[in-house]
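**Q** One structure coming up, written as structure tokens, with questions to follow.
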Protein chains: 2
Amino acid sequence: MDIAEELAKQQRSISVAEFFEKNRQILGFDSAPRALITCVKEAVDNSLDACEDAGILPDIFVQIKRTGELYRVIVEDNGPGIVPSEIPRVFAMLLYGSRFHVLRQSRGQQGIGISAAVLYSQLTSGKPARITSRTSPERPARYVEVMINTAKNEPEIIREKDIDWERPRGTRVELEIEGSYVRGRRQSVYSYLKNVAIVNPHARITFVEPDGSTERFERATELLPKRACEIKPHPAGIELGELTKMLRYTERRKLSSFLKESFTSIGNIAAQEVIHNSGLDPSMDPRSLNYDQSKRLFEALRRIKIKSPPADCLSPIGEDLIRSGLAKEYKLDFIATVSRPVSVYSGNPFVVEAGIGFGGELERSGRVDILRFANRVPLIYQQGACAITHAVEGVSWKSYGLDQPGGGLPVGPAVILVHVASTNIPFTSESKDAIADIPEILTEIDLALKEIGRKLRRFLALQETLSERREKEEIIGRILPRMADKLADMLGLERPDISMVVARIMGNILVRRDIKQENGRLRVCIEIENNTSAQRSFKLHEILPLEAEELDPPARRVDMGDRYDYQWRIAIRSGERMVIRYTIKNHLQRMPEAVVEGLEPEIVTGARVLSDV
Amino acid sequence: MDIAEELAKQQRSISVAEFFEKNRQILGFDSAPRALITCVKEAVDNSLDACEDAGILPDIFVQIKRTGELYRVIVEDNGPGIVPSEIPRVFAMLLYGSRFHVLRQSRGQQGIGISAAVLYSQLTSGKPARITSRTSPERPARYVEVMINTAKNEPEIIREKDIDWERPRGTRVELEIEGSYVRGRRQSVYSYLKNVAIVNPHARITFVEPDGSTERFERATELLPKRACEIKPHPAGIELGELTKMLRYTERRKLSSFLKESFTSIGNIAAQEVIHNSGLDPSMDPRSLNYDQSKRLFEALRRIKIKSPPADCLSPIGEDLIRSGLAKEYKLDFIATVSRPVSVYSGNPFVVEAGIGFGGELERSGRVDILRFANRVPLIYQQGACAITHAVEGVSWKSYGLDQPGGGLPVGPAVILVHVASTNIPFTSESKDAIADIPEILTEIDLALKEIGRKLRRFLALQETLSERREKEEIIGRILPRMADKLADMLGLERPDISMVVARIMGNILVRRDIKQENGRLRVCIEIENNTSAQRSFKLHEILPLEAEELDPPARRVDMGDRYDYQWRIAIRSGERMVIRYTIKNHLQRMPEAVVEGLEPEIVTGARVLSDV
């Protein structure tokens, strides 16, 4: 009879699994190629988190197989395993997990990811997920086939049994899904895994593609990243409603101990000051505060200057890895990096790191590439939705030397990398592809970008000077060779190398590398000559894909994963000359250019200059 | 002892309210200005849906008040009201609603929106939501103060009572929130409500701003939009897992009736064909199908050609409203619109409509404006995440006459409007700001954009011809006036209007409007002269902010909300002349230009030409 009553009859509650079954695009399953990547991503994220939690160097196996019209995704790790009773809920219940209630940097934080992949799998293939897990060599492995009862958001075990497994410990996930396999572009499983390997150099990842070809991303270090510590919320940016909730559920019975125990960065003195400013009694029971008292406490908390949260709850990538990550991916003329101090939004600490690469073989007329990372996970989709992209668009790049037609992304031969690490990354959706436009985070990214922008501008200004100088050098370089040719011709000799002469005329540091073959090895000799009027100190790098031997003088060796960076510290007086020697197997396609670090590019001849201005 | 066991202890389930409390940015609460808009949006969406469900012309009151450091958001409607027992769950329980399980176009579809606003309100203000609702003049109004128990995702009633209320029926929501009020830009409450009014011309919206100023968006029609019908899923794009679930839970006991009753667009013949192709027995119990049989049925369903879903489950905006919406917002030289046929993704019917406006006062050097709508709701944030934006970026606009430097969004004096209507809009997140990149939807938007692009190209080509012709006209127009001036001077007469002469020389349609003041009214006389060599039929529009009277001949009047469009159909032979007359109150700042529709712009002098080429 009554419209309102009729409408009321249709009201009902929706299970979170039903919700996502209908809105699977929110979870990152909106197209067949993306669905495949998302499945791999969720499983690999979990494997990395589990290994790191257990202090195990990750060894992850990923395989994608074609099965009729579907694909089978297999992800297997050497992690700590999952106890049999937990397997069904971990894999077949949305909003179930171990990391949600903990303030610590991790890849998984929502308790949704892997169950979302299982949901998508059963939706498109009608088949259960197959899980194998073993927690110790003394126990059998457990095999479980499980589906999600979406009406209830509960696991439904189809089959389970103990089985033999060759692994002493670890977890294997097998999902059959509708997908589409692509290679050779940014948005692909291959590229995703490659980027994971770059920022997780402690992980070994083996990837078998549908055609059977195998790619191994070898680990570049045996050191696990520093484990991020669990912390309490930071008072900066906490909301009144959050504080009210904390007051209500605390186990402390005095306001002063509540403050000290509930927040990071609040000690005795800060607690006293907050309570004094709020005009409250320090021995009050936190649960007894009324609305106005809570509000006074809240305002006192907001006003007080409290030190930043400890950085050890976060595990940034680090400027070195950002630099080598960029250098690995692109041939560049210039790289600059920056790491910002720890900051806070809504009580969550976060840190922003960024890098920019310029020149080299990058395309000159397209929009710049943006590489986005959050908690060491590469972000692939939703670039346009991401605070990182918005911050890049918000910078006026013209003043840093990049074109920016029609506003928006800058155009030019540059690549920008940004990593945000936090105890809680504020993603725009459950698919975890884009960081939301949180003002505090936007500000930090903006500051980081401007810092690398300034470095870029200085580099480009220097390039100007340099190119003028090079012009002069080239003119001299054109005349002298002709004279040399003439002379050689007249005397019936070979034409001498005259770069040395050029360097001398120009007053340069000359780096001259001579390579000879000998018994299947290359014998490398690098002459360095200081033709400037002052003493010079710098680093010389040889970045080689193979191990060098017989180094004289000895060099520092930095393991870069697929290459080694040999470094010599050099101090050379005006007019002096020195020689570096080493040998290497003759398996090289071509020798990469020698690299000099710590000198102004315009005074170097014969080597690439790493200009971290 | 065992790592896996230790990890297992930390596993627990997460309430959906807790999840969103921690990830409020997913709901659209990532910054203070956006939070305010999102609150208004969720409440207004609900009000519009409720009114339309009950067949009531919506009359919505929105007020934003400053209260200390917070804002109070008030949204009140004349809808059917909510029965008292439902109020707590409707407003303070996430994933509770009436529209989730129904395939029909509506604004709300998730059962999250308004409870999300309540969640944000209690989080930032610590205060409950205050709801007043009345379902009938015979019953008292119910007043409820309610909060969400986030650990359980359940409503917690703080206070409730029956009260007197001046409204016979309706609902009022009051939320106190942390926000930030902005005006005068696209991302503002004001602009949001204005855009709502444009695509919902049957709604009256009154808006009181924090400074007390009141804006009323008056309704432009007394007609409710055609109510979208509820439908069953369409077989196109349905997934195997979905089919399996439907088979399992159907109340039908025969396969043939299952098919007919569970899907739209499947009748007797189609059902027989599907069953025949699947090789199954039509009298089988749907619940008895095993995996292989389900798969055969699924494949037979995929292969059969089935008619499109009925269009009446959708309620598009319509090309007329898109055109007048664009014309209302911008001064334009050209508008083209398109409405695509109904299409289907994953069993959900959808339709795409689009419009493009060009020239006028639009900025020439910036990126084009994009207006996005989904189910008659303006989309404000997350433009970069939206399939609409991605489709615009994917079109090669250079071939349609717009610049597109560095790829990405086109640049130029254009505005593009796209509306997607569906029984289930696949948003990228619960904040409902962006449509996901569903391939079927991207394709339809792409086709729509290319269609309006072709119209734009034809218009621009014509402009070329036109501008050449105008040049000639202008030259003649410069010489003739001088001759006329000279003549008038010599004869001691007033200088005659010579546009008629120009039109005659050029062989044009001349529209000459003469306006005289008389007793506080304007007396308008429009002369039309056909100087071309053929008969011409077209429409003449006078778009006036006030009512015209004494129209001779009478005109068709179209109500455009804040203006009236008077239309005359005109057929005029070569060499003939006709006159239109009307009067209007003399309250006009300036008379808008007369508009001609249905003629090539190059043959018209004295009026703006609406070129829907």
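Convention: chains lettered A, B, ... in structure tokens order; per-chain residue numbering from 1; ligands numbered from 1 as shown.
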Near Glu597 in chain A, within 7 Å and counting only C-alpha atoms, which residues show up once chain neighbours fewer than 2 positions away are dropped, as a list in words?

**A**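 Neighbouring residues, sequence-local ones excluded: Phe538, Lys539, Leu540, Val595, Leu599, Val609, Leu610 and Ser611 of chain A.
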
**Q** Could you pull the residues within 10 Å of range 269-278 of chain A, counting only C-alpha atoms, minus those fewer than 2 positions along the same chain, as a CSV table (one decimal) with all heavy atoms, in the first residue's frame?

**A**
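Contents of result_36.csv, as written:
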chain,number,residue,atom,x,y,z
A,255,LEU,N,44.6,8.6,31.5
A,255,LEU,CA,44.8,9.4,30.3
A,255,LEU,C,46.3,9.5,29.9
A,255,LEU,O,46.6,9.3,28.7
A,255,LEU,CB,44.2,10.8,30.5
A,255,LEU,CG,43.8,11.5,29.3
A,255,LEU,CD1,42.8,10.7,28.5
A,255,LEU,CD2,43.1,12.8,29.7
A,256,SER,N,47.1,9.7,30.9
A,256,SER,CA,48.6,9.8,30.5
A,256,SER,C,49.1,8.5,29.9
A,256,SER,O,49.8,8.6,28.9
A,256,SER,CB,49.4,10.3,31.8
A,256,SER,OG,49.1,9.4,32.8
A,257,SER,N,48.8,7.4,30.5
A,257,SER,CA,49.4,6.2,30.0
A,257,SER,C,48.7,5.8,28.7
A,257,SER,O,49.3,5.3,27.8
A,257,SER,CB,49.3,5.0,31.0
A,257,SER,OG,47.9,4.8,31.4
A,258,PHE,N,47.4,6.2,28.5
A,258,PHE,CA,46.7,6.0,27.2
A,258,PHE,C,47.5,6.7,26.1
A,258,PHE,O,47.8,6.2,25.1
A,258,PHE,CB,45.3,6.6,27.3
A,258,PHE,CG,44.7,6.8,25.9
A,258,PHE,CD1,44.2,5.8,25.2
A,258,PHE,CD2,44.6,8.1,25.4
A,258,PHE,CE1,43.6,6.0,23.9
A,258,PHE,CE2,44.1,8.3,24.1
A,258,PHE,CZ,43.6,7.3,23.4
A,259,LEU,N,47.9,8.0,26.4
A,259,LEU,CA,48.6,8.7,25.3
A,259,LEU,C,50.0,8.1,25.0
A,259,LEU,O,50.3,7.9,23.8
A,259,LEU,CB,48.8,10.2,25.8
A,259,LEU,CG,47.6,11.1,25.8
A,259,LEU,CD1,47.9,12.5,26.4
A,259,LEU,CD2,47.0,11.2,24.4
A,260,LYS,N,50.7,7.7,26.0
A,260,LYS,CA,52.0,7.1,25.8
A,260,LYS,C,52.0,5.8,25.1
A,260,LYS,O,52.8,5.4,24.3
A,260,LYS,CB,52.8,7.0,27.1
A,260,LYS,CG,53.3,8.3,27.6
A,260,LYS,CD,54.2,8.2,28.9
A,260,LYS,CE,53.2,7.9,30.0
A,260,LYS,NZ,54.0,7.7,31.3
A,263,PHE,N,50.2,6.0,21.1
A,263,PHE,CA,50.8,6.7,20.0
A,263,PHE,C,52.3,6.5,19.9
A,263,PHE,O,52.9,6.3,20.9
A,263,PHE,CB,50.5,8.2,20.1
A,263,PHE,CG,49.0,8.5,20.0
A,263,PHE,CD1,48.2,8.8,21.1
A,263,PHE,CD2,48.4,8.6,18.7
A,263,PHE,CE1,46.9,9.1,21.0
A,263,PHE,CE2,47.1,8.9,18.6
A,263,PHE,CZ,46.3,9.2,19.7
A,265,SER,N,55.9,8.3,19.1
A,265,SER,CA,56.4,9.6,19.2
A,265,SER,C,55.9,10.4,20.4
A,265,SER,O,56.1,11.6,20.5
A,265,SER,CB,56.3,10.5,17.9
A,265,SER,OG,56.8,9.8,16.9
A,266,ILE,N,55.1,9.8,21.3
A,266,ILE,CA,54.6,10.6,22.5
A,266,ILE,C,55.3,9.9,23.7
A,266,ILE,O,55.0,8.7,24.0
A,266,ILE,CB,53.1,10.6,22.6
A,266,ILE,CG1,52.5,11.4,21.5
A,266,ILE,CG2,52.7,11.1,24.0
A,266,ILE,CD1,51.1,11.9,21.8
A,267,GLY,N,56.1,10.7,24.4
A,267,GLY,CA,56.8,10.2,25.6
A,267,GLY,C,56.1,10.9,26.8
A,267,GLY,O,55.1,11.5,26.7
A,280,LEU,N,42.7,18.8,31.1
A,280,LEU,CA,42.1,17.5,31.7
A,280,LEU,C,42.9,17.0,32.8
A,280,LEU,O,44.1,17.4,32.9
A,280,LEU,CB,41.9,16.5,30.6
A,280,LEU,CG,40.9,16.9,29.4
A,280,LEU,CD1,41.0,15.8,28.3
A,280,LEU,CD2,39.5,17.0,29.9
A,281,ASP,N,42.4,16.1,33.5
A,281,ASP,CA,43.1,15.5,34.6
A,281,ASP,C,43.8,14.2,34.1
A,281,ASP,O,43.2,13.3,33.5
A,281,ASP,CB,42.0,15.1,35.7
A,281,ASP,CG,42.7,14.4,36.9
A,281,ASP,OD1,43.9,14.1,36.8
A,281,ASP,OD2,41.9,14.1,37.8
A,282,PRO,N,45.2,14.1,34.3
A,282,PRO,CA,46.0,13.0,33.8
A,282,PRO,C,45.5,11.7,34.3
A,282,PRO,O,45.7,10.6,33.7
A,282,PRO,CB,47.4,13.3,34.2
A,282,PRO,CG,47.4,14.4,35.1
A,282,PRO,CD,46.1,15.1,35.0
A,283,SER,N,44.8,11.6,35.5
A,283,SER,CA,44.5,10.3,36.0
A,283,SER,C,43.0,9.9,35.6
A,283,SER,O,42.5,8.9,36.0
A,283,SER,CB,44.6,10.4,37.5
A,283,SER,OG,43.7,11.3,38.0
A,293,GLN,N,35.2,16.9,26.2
A,293,GLN,CA,36.6,16.6,26.7
A,293,GLN,C,37.4,15.9,25.6
A,293,GLN,O,38.6,16.2,25.4
A,293,GLN,CB,36.4,15.7,27.9
A,293,GLN,CG,35.9,16.4,29.1
A,293,GLN,CD,35.5,15.5,30.2
A,293,GLN,OE1,35.0,14.3,30.0
A,293,GLN,NE2,35.6,16.0,31.5
A,294,SER,N,36.8,15.0,24.8
A,294,SER,CA,37.6,14.4,23.7
A,294,SER,C,38.0,15.4,22.8
A,294,SER,O,39.2,15.4,22.2
A,294,SER,CB,36.7,13.4,23.0
A,294,SER,OG,36.1,12.5,23.8
A,295,LYS,N,37.2,16.4,22.5
A,295,LYS,CA,37.5,17.4,21.6
A,295,LYS,C,38.7,18.3,22.1
A,295,LYS,O,39.5,18.6,21.3
A,295,LYS,CB,36.3,18.3,21.3
A,295,LYS,CG,36.4,19.0,20.0
A,295,LYS,CD,35.0,19.5,19.5
A,295,LYS,CE,35.3,20.4,18.3
A,295,LYS,NZ,34.1,21.1,17.9
A,296,ARG,N,38.7,18.6,23.4
A,296,ARG,CA,39.8,19.4,23.9
A,296,ARG,C,41.1,18.6,23.8
A,296,ARG,O,42.1,19.1,23.4
A,296,ARG,CB,39.5,19.7,25.4
A,296,ARG,CG,38.9,21.1,25.4
A,296,ARG,CD,37.9,21.3,26.6
A,296,ARG,NE,38.6,21.0,27.9
A,296,ARG,CZ,37.9,20.7,29.0
A,296,ARG,NH1,36.6,20.7,29.0
A,296,ARG,NH2,38.6,20.5,30.1
A,297,LEU,N,41.0,17.3,24.1
A,297,LEU,CA,42.2,16.5,24.0
A,297,LEU,C,42.7,16.4,22.5
A,297,LEU,O,43.9,16.6,22.3
A,297,LEU,CB,41.9,15.0,24.5
A,297,LEU,CG,43.1,14.1,24.5
A,297,LEU,CD1,44.1,14.5,25.6
A,297,LEU,CD2,42.6,12.6,24.8
A,298,PHE,N,41.7,16.3,21.6
A,298,PHE,CA,42.0,16.2,20.2
A,298,PHE,C,42.7,17.5,19.8
A,298,PHE,O,43.8,17.5,19.1
A,298,PHE,CB,40.7,16.1,19.5
A,298,PHE,CG,40.8,16.3,18.0
A,298,PHE,CD1,41.5,15.4,17.2
A,298,PHE,CD2,40.1,17.3,17.4
A,298,PHE,CE1,41.5,15.5,15.8
A,298,PHE,CE2,40.2,17.5,16.0
A,298,PHE,CZ,40.9,16.6,15.2
A,299,GLU,N,42.2,18.7,20.2
A,299,GLU,CA,42.8,19.9,19.8
A,299,GLU,C,44.2,20.1,20.4
A,299,GLU,O,45.1,20.6,19.7
A,299,GLU,CB,41.9,21.1,20.2
A,299,GLU,CG,40.9,21.3,19.0
A,299,GLU,CD,39.6,21.9,19.5
A,299,GLU,OE1,39.5,22.5,20.6
A,299,GLU,OE2,38.6,21.9,18.7
A,300,ALA,N,44.4,19.6,21.6
A,300,ALA,CA,45.7,19.7,22.2
A,300,ALA,C,46.7,18.8,21.5
A,300,ALA,O,47.9,19.2,21.3
A,300,ALA,CB,45.6,19.3,23.7
A,301,LEU,N,46.2,17.7,21.0
A,301,LEU,CA,47.1,16.8,20.3
A,301,LEU,C,47.5,17.4,18.9
A,301,LEU,O,48.6,17.2,18.4
A,301,LEU,CB,46.3,15.4,20.0
A,301,LEU,CG,46.6,14.3,20.9
A,301,LEU,CD1,45.7,13.1,20.6
A,301,LEU,CD2,48.0,13.8,20.9
A,302,ARG,N,46.5,18.1,18.3
A,302,ARG,CA,46.8,18.7,17.0
A,302,ARG,C,47.8,19.8,17.1
A,302,ARG,O,48.6,20.0,16.2
A,302,ARG,CB,45.5,19.3,16.5
A,302,ARG,CG,44.7,18.3,15.8
A,302,ARG,CD,44.1,18.9,14.5
A,302,ARG,NE,43.5,17.8,13.7
A,302,ARG,CZ,42.7,18.0,12.7
A,302,ARG,NH1,42.3,19.2,12.4
A,302,ARG,NH2,42.2,17.0,12.0
A,303,ARG,N,47.8,20.5,18.2
A,303,ARG,CA,48.6,21.7,18.4
A,303,ARG,C,50.0,21.4,18.7
A,303,ARG,O,50.9,22.2,18.4
A,303,ARG,CB,48.0,22.7,19.4
A,303,ARG,CG,47.1,23.8,18.8
A,303,ARG,CD,46.8,24.9,19.8
A,303,ARG,NE,46.4,24.4,21.0
A,303,ARG,CZ,45.1,24.2,21.4
A,303,ARG,NH1,44.1,24.4,20.5
A,303,ARG,NH2,44.7,23.7,22.5
A,304,ILE,N,50.3,20.3,19.4
A,304,ILE,CA,51.6,20.1,20.0
A,304,ILE,C,52.6,19.7,18.9
A,304,ILE,O,52.2,19.0,17.9
A,304,ILE,CB,51.5,19.0,21.1
A,304,ILE,CG1,52.8,19.1,21.9
A,304,ILE,CG2,51.3,17.7,20.5
A,304,ILE,CD1,52.8,18.1,23.0
A,305,LYS,N,53.8,20.1,19.0
A,305,LYS,CA,54.9,19.7,18.0
A,305,LYS,C,55.5,18.4,18.5
A,305,LYS,O,56.1,18.3,19.6
A,305,LYS,CB,56.0,20.8,18.0
A,305,LYS,CG,55.5,22.1,17.3
A,305,LYS,CD,56.6,22.5,16.3
A,305,LYS,CE,56.0,23.6,15.4
A,305,LYS,NZ,56.8,23.9,14.3
A,306,ILE,N,55.3,17.4,17.7
A,306,ILE,CA,55.8,16.1,18.1
A,306,ILE,C,56.7,15.6,17.0
A,306,ILE,O,56.5,15.9,15.8
A,306,ILE,CB,54.6,15.1,18.2
A,306,ILE,CG1,53.7,15.5,19.4
A,306,ILE,CG2,55.1,13.7,18.5
A,306,ILE,CD1,52.4,14.8,19.5
A,307,LYS,N,57.8,14.9,17.4
A,307,LYS,CA,58.8,14.5,16.5
A,307,LYS,C,58.2,13.5,15.4
A,307,LYS,O,57.2,12.9,15.7
A,307,LYS,CB,60.0,13.9,17.2
A,307,LYS,CG,59.8,12.6,17.9
A,307,LYS,CD,61.2,12.1,18.4
A,307,LYS,CE,61.1,10.7,19.1
A,307,LYS,NZ,60.4,10.7,20.4

**Q** Which residue gives the smallest distance to chain A among B:Cys386, B:Ile356, B:Ala220, B:Val208, with only C-alpha atoms counted?

**A**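 Closest to chain A, using only C-alpha atoms: B:Cys386.
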
**Q** Which residues of chain A are close to chain B, meaning at most 6 Å apart when you count only C-alpha atoms, and how do they look as a PyMOL selection string?

**A** chain A and resi 4+10-14+26+30+80-82+95-98+122-126+239-242+366-367+382+384-385+406+428-429+438

**Q** Please measure the separation of CA of Phe217 in chain B and CA of Arg66 in chain B, giving the value in Å to one decimal.

**A**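 Between these atoms lies a distance of 22.4 Å.
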
**Q** Between CA of Leu247 in chain A and CA of Tyr143 in chain B, what is the distance in Å, rounded to a tenth?

**A**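 Those two atoms sit 27.9 Å apart.
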
**Q** What does the structure give for the distance between CA of Glu549 in chain B and CA of Asn519 in chain B, in Å to one decimal?

**A**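 According to the coordinates, CA of Glu549 in chain B and CA of Asn519 in chain B are separated by 14.1 Å.
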
**Q** Between B:Pro225, B:Pro553, B:Gly113, B:Gly606, which residue has the minimum interatomic distance to Ile56 in chain B, considering only C-alpha atoms?

**A**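 Among the listed residues, the smallest separation from Ile56 in chain B belongs to B:Pro225.
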
**Q** Just want the 7 Å neighbourhood of Pro378 in chain A, counted on only C-alpha atoms, with same-chain residues fewer than 3 positions away dropped. Output as JSON, numbers by chain.

**A** {"A": [192, 195, 196, 372, 373, 374]}

**Q** Once you have the residues from the selection above, write them out as a compact mmCIF listing (two decimals), in the first residue's frame, restricted to C-alpha atoms.

**A**
# COMPACT_ATOMS: atom_id res chain seq x y z
CA TYR A 192 55.52 -6.66 -14.06
CA ASN A 195 59.96 -4.46 -12.30
CA VAL A 196 59.32 -6.51 -9.16
CA ARG A 372 55.20 4.13 -10.19
CA PHE A 373 55.88 1.98 -7.15
CA ALA A 374 54.09 1.58 -3.82

**Q** Near range 449-465 of chain A, counting only C-alpha atoms, which residues have an atom at most 7 Å away, once you skip same-chain residues fewer than 5 positions from it, shown as a tab-separated table (two decimals) with all heavy atoms, in the first residue's frame?

**A**
chain	number	residue	atom	x	y	z
A	336	ALA	N	69.15	11.60	-11.76
A	336	ALA	CA	69.17	12.24	-10.44
A	336	ALA	C	68.14	11.55	-9.57
A	336	ALA	O	67.10	11.10	-10.06
A	336	ALA	CB	68.84	13.72	-10.57
A	337	THR	N	68.44	11.44	-8.28
A	337	THR	CA	67.50	10.79	-7.37
A	337	THR	C	67.33	11.63	-6.12
A	337	THR	O	68.13	12.52	-5.84
A	337	THR	CB	68.02	9.41	-6.94
A	337	THR	OG1	69.28	9.59	-6.30
A	337	THR	CG2	68.18	8.48	-8.12
A	338	VAL	N	66.27	11.34	-5.39
A	338	VAL	CA	66.03	12.04	-4.12
A	338	VAL	C	65.25	11.12	-3.20
A	338	VAL	O	64.46	10.29	-3.64
A	338	VAL	CB	65.26	13.36	-4.38
A	338	VAL	CG1	63.92	13.09	-5.02
A	338	VAL	CG2	65.05	14.12	-3.08
A	354	ALA	N	62.24	9.46	-5.35
A	354	ALA	CA	62.02	9.70	-6.78
A	354	ALA	C	63.33	9.71	-7.54
A	354	ALA	O	64.40	9.94	-6.96
A	354	ALA	CB	61.28	11.02	-6.98
A	355	GLY	N	63.23	9.45	-8.81
A	355	GLY	CA	64.40	9.53	-9.68
A	355	GLY	C	63.97	10.03	-11.05
A	355	GLY	O	62.82	9.88	-11.45
A	356	ILE	N	64.91	10.68	-11.74
A	356	ILE	CA	64.62	11.09	-13.11
A	356	ILE	C	65.80	10.68	-13.99
A	356	ILE	O	66.95	10.75	-13.56
A	356	ILE	CB	64.35	12.61	-13.22
A	356	ILE	CG1	63.78	12.95	-14.60
A	356	ILE	CG2	65.62	13.43	-12.95
A	356	ILE	CD1	63.15	14.32	-14.68
A	400	TYR	N	62.04	23.55	-15.65
A	400	TYR	CA	63.12	22.58	-15.44
A	400	TYR	C	63.66	22.02	-16.76
A	400	TYR	O	64.39	21.04	-16.77
A	400	TYR	CB	62.66	21.44	-14.53
A	400	TYR	CG	62.18	21.93	-13.19
A	400	TYR	CD1	60.87	21.72	-12.77
A	400	TYR	CD2	63.03	22.65	-12.36
A	400	TYR	CE1	60.43	22.20	-11.55
A	400	TYR	CE2	62.59	23.13	-11.13
A	400	TYR	CZ	61.29	22.91	-10.74
A	400	TYR	OH	60.87	23.40	-9.53
A	401	GLY	N	63.20	22.60	-17.87
A	401	GLY	CA	63.79	22.23	-19.14
A	401	GLY	C	63.02	21.20	-19.95
A	401	GLY	O	63.49	20.73	-20.98
A	613	VAL	N	74.59	16.24	-10.48
A	613	VAL	CA	74.98	17.62	-10.19
A	613	VAL	C	74.51	18.02	-8.79
A	613	VAL	O	73.40	17.73	-8.41
A	613	VAL	CB	74.35	18.57	-11.21
A	613	VAL	CG1	75.01	19.93	-11.12
A	613	VAL	CG2	74.50	18.01	-12.60

**Q** Taking only range 230-350 of chain A into account, list the residues labelled helix (DSSP H, G or I) by DSSP (computed from the backbone), as a ChimeraX atom specification.

**A** /A:240-249,255-262,268-278,286-288,291-303,311-313,319-329

**Q** Taking the DSSP secondary structure from the backbone, can you list the residues of range 332-476 of chain A that are strand (DSSP E), as number ranges by chain?

**A** A: 334-339, 343-345, 348-358, 369-374, 377-379, 414-422
